[in-house]
Every structure is written in C-alpha cells, then in structure tokens.
Amino acid sequence: MELRADGLVKQYGPYSALDGLDLRLADGEKVGLLGPNGSGKTTLLDVLAGLVTPTAGTVFVDGRPAADDPAHLRRNLGYVAHETMLYDELTARENLGLHAGFLGQSADRVEAVLDLVDLSNRGNSSPRSFSHGMKKRLSFARAELGSPPTFLLDEPFSGLDQDSQATVIDLLEDRSVLLVTHDFDHARTICDRVVVLQAGRVAETAQTASFESRQDLRQWYQDVLEAS
Amino acid sequence: MTGADRSSTGTDSGPEAGSVASPTGFFRTALSIALKDFRLEIRSKQALPLSVALSLLIVVTDAFSYGGGAESYGPLWVAFVFAGTLAVMQTIALETRNDAFDGLLLAPINRTAIYLGKVASTTVFVTVIGFVTLLALAVFHHATVPLETLPTLLLILFLFSLGFSAVGVLVGLITAATDISALLVPVLLVPLVFPGLLAGVGFLESGATSWITVLLSYDGIVLVAGVLVFDELVS
C-alpha cells in the first residue's frame, strides 16, 4: 500500500503542528522520521492514520484520497502509538478479541498474535498489570491482528528488551513502515530512507545506505537541524 | 511474502464491518461496543455505583430540606440529570484512558455503529439511575406511583435517558481532551437536554400524552444529529 501526504497542514489555534508537509511512503518502503520534540512527527502519524483531520492538505492511499474510503486505510494500517489504545478493565485476550471481531478475525488469530509477542501466558491478565515493554508488545499484537501491509510506529522500541526488539523487527519485514524514532541505530538499520521533520515540514531526506555508521547519520541529522 | 503480495492478499478492504451496506454487521458492531461497555462497567464499578450514590444523596438532601413532605417529582429530575451526567463522564473516562477510544476509531468499522453502541449502553446506565432515583423518591418523599402508571413512567424515564445519552456521549467525547471536562460536561449537557427535561416534567405534571410525542421528537432529533456529526467531532 502506498501512502502519500500532500501539503498537510494541522493547526491548533495559532500553532502549526504541520505546515505544508509532503511525504511519500512507497509500497514496501521503510522510512524513518527524525526530528526534535514538537516537530510534528506524532501529529503526522495521527493524520495519516485518520485519527486527526488535517486543517489543509490530503492523504492519498494507493493514489486515492483516504477520505474516499477510510475503511480501506484502516484495514491496511497497523498503528503503534505511545499509548496501548486498549482497556485496562479487559484482559489482554479480551482486548484483542474485541479488535479481532472488528476485523473479522477468529479467536485463533488472537492466540497467534499473543504467541507472536510472547504474551500467551499473560493473555488473561489486565494490561494494567503489564510492564511498559509488555504493553508495547501487546500494542504490536493489536496492530498485527489484521496482518496489515503498512505500519505507523511511534517510538516502538522504547522499553523493549533485545529479544522483543528482534521479534518486532522480524515482524516488520516486507511491510511498509513509517517509523518515528530518536534512535539512530534503528533508523539506519531498519529504514531505507530517513526524513527529518522540523517545525512541521520536511527539512531533509536521505537514503540510509549513504550512512556508514550511526555516527554518520547523527552528524547529518545535526547538520540538517542547524541549517534549517 | 512481499509488501505487494501482502496488500493484495487477504488484507484488502472488504465491506466495511458495520457498514450501512451490511446491516447485520452494523448492528453486530454496535452490540459489541455496548457489550464491551457493560463489561467495563462490571469490572470497574465506576459509573453506576457512584452515580446511584450521588442520586440518592440528592434525593435524601432534598427530603431533609423540605422535611420529606413535599410530594413532587422535582428531586427525581435534579438527581436524574446530575447523576446521569456523572455516569456519562465515568463511561467516557474509561474510553479516554490509554487512548482506548482511538483504538476503536482505528478499526475498520462504521463510526456510526460506535456512536450508537455507546448511546445504547449509556441509555441503560442512565435508565437504571432513573429507576433507582424513583424508588428513593418513593421512600424519602412518600411519592406514590400508582401501578397502572408505572409502565408509562418507566417509558418516560427510558425516553429521557435515550435523548440524554445521545447528547451526553457527544459532549463527553468532545470535552474529554480538555483539562476541565468535569466542569464542561454538566455546563454543556444540561442546557442541551433541557427540551427533553421539559417534556418529561410536563408529562409527570399534567399526564398529557402529547409530552411523550415531544420527548420522542427530541430523541429523534438528537439521535439523527449525533449520527450526522459524530465522525466529524471525534476527528
């Protein structure tokens, strides 16, 4: 699935979270979003996911405006945000069961994704009792229920141990990914391309293959911020 | 499996779950939302116990204020409206915690089904509060409810609860992101349910069935308005 943002503007009162942002995520491509706090990364993900309506501009999915067929976008998108987007009063299994029902998936699929994120033995526990890393894994399980071809990920590796990180990275193989991260290692090793956001706009973009090390990418990022 | 393969196998958009084109799916989705709300309430015990307690406190306080002698449905509506407001706020609080409501919005389901499911569950909660308040009124205010009028009275409570919930869900969700939602919800909600309140009070005072028509019309208007604006409001 191809995602394209054309001239996205999102204003909150006098503050512009997005200020004429253009971005394309090609089918199967992995793009890392870098930028300082408040540069519009999370707002961009929310707009692309259809959670926030832009003040101006359009999101296109496979060449068609997303607003024309929002169900197509939602069915083909997995979004892992800062919060779990799940209910503390339901068990992990019940939460996933609720979402599986919306996706037309069976209980077997719930068990499969619980197993995938290594939470099968905690399926009957409330997410409230989970550690930060376990909550993150459960968020991945929710996002993975429908096997979406595209993922939007907002700091997905925070709190995850090495094994869980490896599981998630495997999961992302052959998917389109828009990854918000402050970790230059992840940006360089997972992504095909990195984009720097600054004040709601794309300040610069580069192929990760052009960076030989994490330090190279960090230096380039700092140069971009200083120049913009 | 490549990304292209994946997007062309099994994950492409089928009919939207709960779409208008699939009424069975639509109602199934709304029912799932309502059942989820009942389960949340049973587990959290936040909306009903607190609201019923507030309702009883209002009725009891009113009884003390007037010496328990005034035979009037006045305390019923005061307790009903404010306890119902508390119930709406509590159910919405469960949705906004962990951004769980965003999870619903991300699902490929018709958002109108989400709205109607939440209205259905909230209507049940508010009707229960109204019924308990009515019982409290009978005890503390010696209000007598002839058995033959009880079904009509319950109908009025239900119809008022329906309109109240249709507005309450919208107001609760749009104020949830603010820091002062606890203040905003009653300030916005009470004026908006005033027509329904007027019809309910009018019926209990006069017994004229024309007030039921007014209440039905009010419910119809706010439900249709809610369906029309819900998607826009939550975005």
# chains A, B, ... in the order shown; residues from 1 in each chain; ligands from 1

call {"tool": "interface_residues", "arguments": {"of": "chain A", "to": "chain B", "cutoff": "8 Å", "atoms": "only C-alpha atoms", "output": "ChimeraX atom specification"}}
result
/A:1,27-28,49-53,70-76,83-87,89-90,98-99,102-104,146-149,174-176

call {"tool": "select_by_dssp", "arguments": {"residues": "region 115-209 of chain A", "states": "helix (DSSP H, G or I)", "output": "VMD selection string"}}
result
chain A and resid 115 to 116 120 to 122 127 to 129 132 to 144 162 to 171 184 to 190 208 to 209

call {"tool": "write_last_selection", "arguments": {"atoms": "N, CA and C atoms", "output": "compact mmCIF listing (two decimals), in the first residue's frame"}}
result
# COMPACT_ATOMS: atom_id res chain seq x y z
N ASP A 115 0.91 -15.26 20.90
CA ASP A 115 2.09 -16.12 20.87
C ASP A 115 3.26 -15.39 20.21
N LEU A 116 2.94 -14.66 19.15
CA LEU A 116 3.97 -13.93 18.40
C LEU A 116 4.72 -12.94 19.29
N SER A 120 1.31 -15.19 25.50
CA SER A 120 0.26 -16.22 25.63
C SER A 120 -0.04 -16.54 27.09
N ASN A 121 1.02 -16.59 27.89
CA ASN A 121 0.82 -16.97 29.29
C ASN A 121 0.24 -15.83 30.14
N ARG A 122 0.13 -14.63 29.55
CA ARG A 122 -0.45 -13.50 30.28
C ARG A 122 -1.74 -13.01 29.62
N PRO A 127 -3.97 -5.47 31.01
CA PRO A 127 -2.78 -4.69 30.60
C PRO A 127 -2.27 -3.79 31.72
N ARG A 128 -3.15 -3.48 32.67
CA ARG A 128 -2.74 -2.63 33.80
C ARG A 128 -1.57 -3.25 34.57
N SER A 129 -1.55 -4.58 34.60
CA SER A 129 -0.51 -5.27 35.37
C SER A 129 0.76 -5.49 34.55
N HIS A 132 6.02 -1.77 30.98
CA HIS A 132 5.97 -0.91 29.79
C HIS A 132 6.27 -1.72 28.53
N GLY A 133 7.27 -2.58 28.62
CA GLY A 133 7.64 -3.38 27.45
C GLY A 133 6.54 -4.35 27.05
N MET A 134 5.90 -4.95 28.05
CA MET A 134 4.79 -5.88 27.74
C MET A 134 3.62 -5.14 27.11
N LYS A 135 3.36 -3.94 27.58
CA LYS A 135 2.28 -3.14 26.98
C LYS A 135 2.60 -2.84 25.51
N LYS A 136 3.87 -2.55 25.27
CA LYS A 136 4.29 -2.25 23.90
C LYS A 136 4.08 -3.48 23.02
N ARG A 137 4.45 -4.65 23.56
CA ARG A 137 4.27 -5.88 22.79
C ARG A 137 2.79 -6.14 22.53
N LEU A 138 1.96 -5.85 23.51
CA LEU A 138 0.51 -6.03 23.32
C LEU A 138 -0.02 -5.06 22.26
N SER A 139 0.54 -3.85 22.24
CA SER A 139 0.15 -2.89 21.20
C SER A 139 0.49 -3.43 19.82
N PHE A 140 1.66 -4.05 19.72
CA PHE A 140 2.04 -4.67 18.45
C PHE A 140 1.06 -5.78 18.08
N ALA A 141 0.67 -6.55 19.08
CA ALA A 141 -0.27 -7.65 18.82
C ALA A 141 -1.58 -7.09 18.27
N ARG A 142 -2.06 -5.99 18.86
CA ARG A 142 -3.30 -5.37 18.37
C ARG A 142 -3.12 -4.91 16.93
N ALA A 143 -1.99 -4.24 16.67
CA ALA A 143 -1.76 -3.70 15.33
C ALA A 143 -1.57 -4.81 14.30
N GLU A 144 -1.07 -5.96 14.73
CA GLU A 144 -0.75 -7.06 13.81
C GLU A 144 -1.94 -7.98 13.55
N GLN A 162 15.99 -6.79 24.15
CA GLN A 162 16.63 -7.12 22.86
C GLN A 162 15.83 -8.18 22.09
N ASP A 163 15.36 -9.20 22.79
CA ASP A 163 14.60 -10.26 22.11
C ASP A 163 13.32 -9.72 21.51
N SER A 164 12.64 -8.86 22.29
CA SER A 164 11.37 -8.30 21.79
C SER A 164 11.63 -7.39 20.60
N GLN A 165 12.72 -6.64 20.67
CA GLN A 165 13.07 -5.77 19.55
C GLN A 165 13.30 -6.60 18.28
N ALA A 166 13.99 -7.73 18.46
CA ALA A 166 14.26 -8.60 17.31
C ALA A 166 12.97 -9.16 16.74
N THR A 167 12.02 -9.53 17.64
CA THR A 167 10.73 -10.05 17.19
C THR A 167 10.01 -9.00 16.35
N VAL A 168 10.01 -7.76 16.86
CA VAL A 168 9.30 -6.69 16.16
C VAL A 168 9.95 -6.40 14.82
N ILE A 169 11.27 -6.38 14.80
CA ILE A 169 11.98 -6.10 13.54
C ILE A 169 11.67 -7.19 12.51
N ASP A 170 11.61 -8.43 12.97
CA ASP A 170 11.22 -9.53 12.05
C ASP A 170 9.82 -9.31 11.51
N LEU A 171 8.95 -8.86 12.41
CA LEU A 171 7.54 -8.64 12.05
C LEU A 171 7.42 -7.60 10.93
N PHE A 184 19.22 6.43 16.35
CA PHE A 184 19.85 6.47 15.03
C PHE A 184 20.22 5.07 14.55
N ASP A 185 20.51 4.16 15.47
CA ASP A 185 20.81 2.78 15.07
C ASP A 185 19.62 2.14 14.38
N HIS A 186 18.45 2.27 15.03
CA HIS A 186 17.24 1.68 14.44
C HIS A 186 16.92 2.34 13.11
N ALA A 187 17.04 3.66 13.07
CA ALA A 187 16.72 4.38 11.83
C ALA A 187 17.62 3.88 10.69
N ARG A 188 18.90 3.67 10.99
CA ARG A 188 19.85 3.30 9.94
C ARG A 188 19.70 1.83 9.53
N THR A 189 19.45 0.96 10.50
CA THR A 189 19.44 -0.47 10.17
C THR A 189 18.08 -0.97 9.66
N ILE A 190 17.00 -0.32 10.10
CA ILE A 190 15.68 -0.80 9.69
C ILE A 190 15.19 -0.10 8.43
N THR A 208 19.37 5.73 3.71
CA THR A 208 20.21 5.28 4.83
C THR A 208 21.48 4.58 4.35
N ALA A 209 21.45 4.07 3.12
CA ALA A 209 22.63 3.40 2.58
C ALA A 209 23.81 4.36 2.46

call {"tool": "atom_distance", "arguments": {"atom1": "CA of Asn37 (chain A)", "atom2": "CA of Leu197 (chain A)"}}
result
9.8 Å

call {"tool": "atom_distance", "arguments": {"atom1": "CA of Ser65 (chain B)", "atom2": "CA of Val139 (chain B)"}}
result
15.2 Å

call {"tool": "residues_around", "arguments": {"residues": "Asp19 (chain A)", "least_positions_apart": "3", "cutoff": "12 Å", "atoms": "only C-alpha atoms", "output": "list in words"}}
result
Ala5, Asp6, Gly7, Leu8, Val9, Lys10, Gln11, Tyr12, Pro14, Tyr15, Ser16, Asp22, Ser39, Gly40, Lys41, Thr43, Leu44, Pro54, Thr55, Ala56, Gly57, Leu197, Gln198, Ala199, Gly200, Arg201, Val202 and Ala203 of chain A

call {"tool": "write_last_selection", "arguments": {"atoms": "C-alpha atoms", "output": "CSV table (one decimal), in the first residue's frame"}}
result
chain,number,residue,atom,x,y,z
A,5,ALA,CA,0.7,13.2,2.1
A,6,ASP,CA,0.3,16.3,0.0
A,7,GLY,CA,0.6,19.7,1.6
A,8,LEU,CA,-0.6,18.6,5.1
A,9,VAL,CA,-1.3,21.5,7.5
A,10,LYS,CA,-2.6,21.0,11.0
A,11,GLN,CA,-3.2,24.0,13.2
A,12,TYR,CA,-4.0,24.1,16.8
A,14,PRO,CA,-2.1,29.8,16.3
A,15,TYR,CA,0.3,26.8,16.5
A,16,SER,CA,1.1,24.9,13.3
A,22,ASP,CA,4.7,16.5,1.7
A,39,SER,CA,8.4,18.9,15.1
A,40,GLY,CA,5.1,17.3,14.1
A,41,LYS,CA,6.1,13.6,14.0
A,43,THR,CA,0.7,14.6,14.6
A,44,LEU,CA,1.8,13.4,11.2
A,54,PRO,CA,-5.8,18.0,8.7
A,55,THR,CA,-6.6,21.7,8.5
A,56,ALA,CA,-5.5,21.5,4.9
A,57,GLY,CA,-3.9,19.0,2.5
A,197,LEU,CA,11.0,17.0,10.3
A,198,GLN,CA,11.5,20.5,11.6
A,199,ALA,CA,8.6,22.8,12.5
A,200,GLY,CA,6.0,20.7,10.7
A,201,ARG,CA,7.9,20.5,7.4
A,202,VAL,CA,10.2,18.0,5.8
A,203,ALA,CA,13.7,19.6,6.3
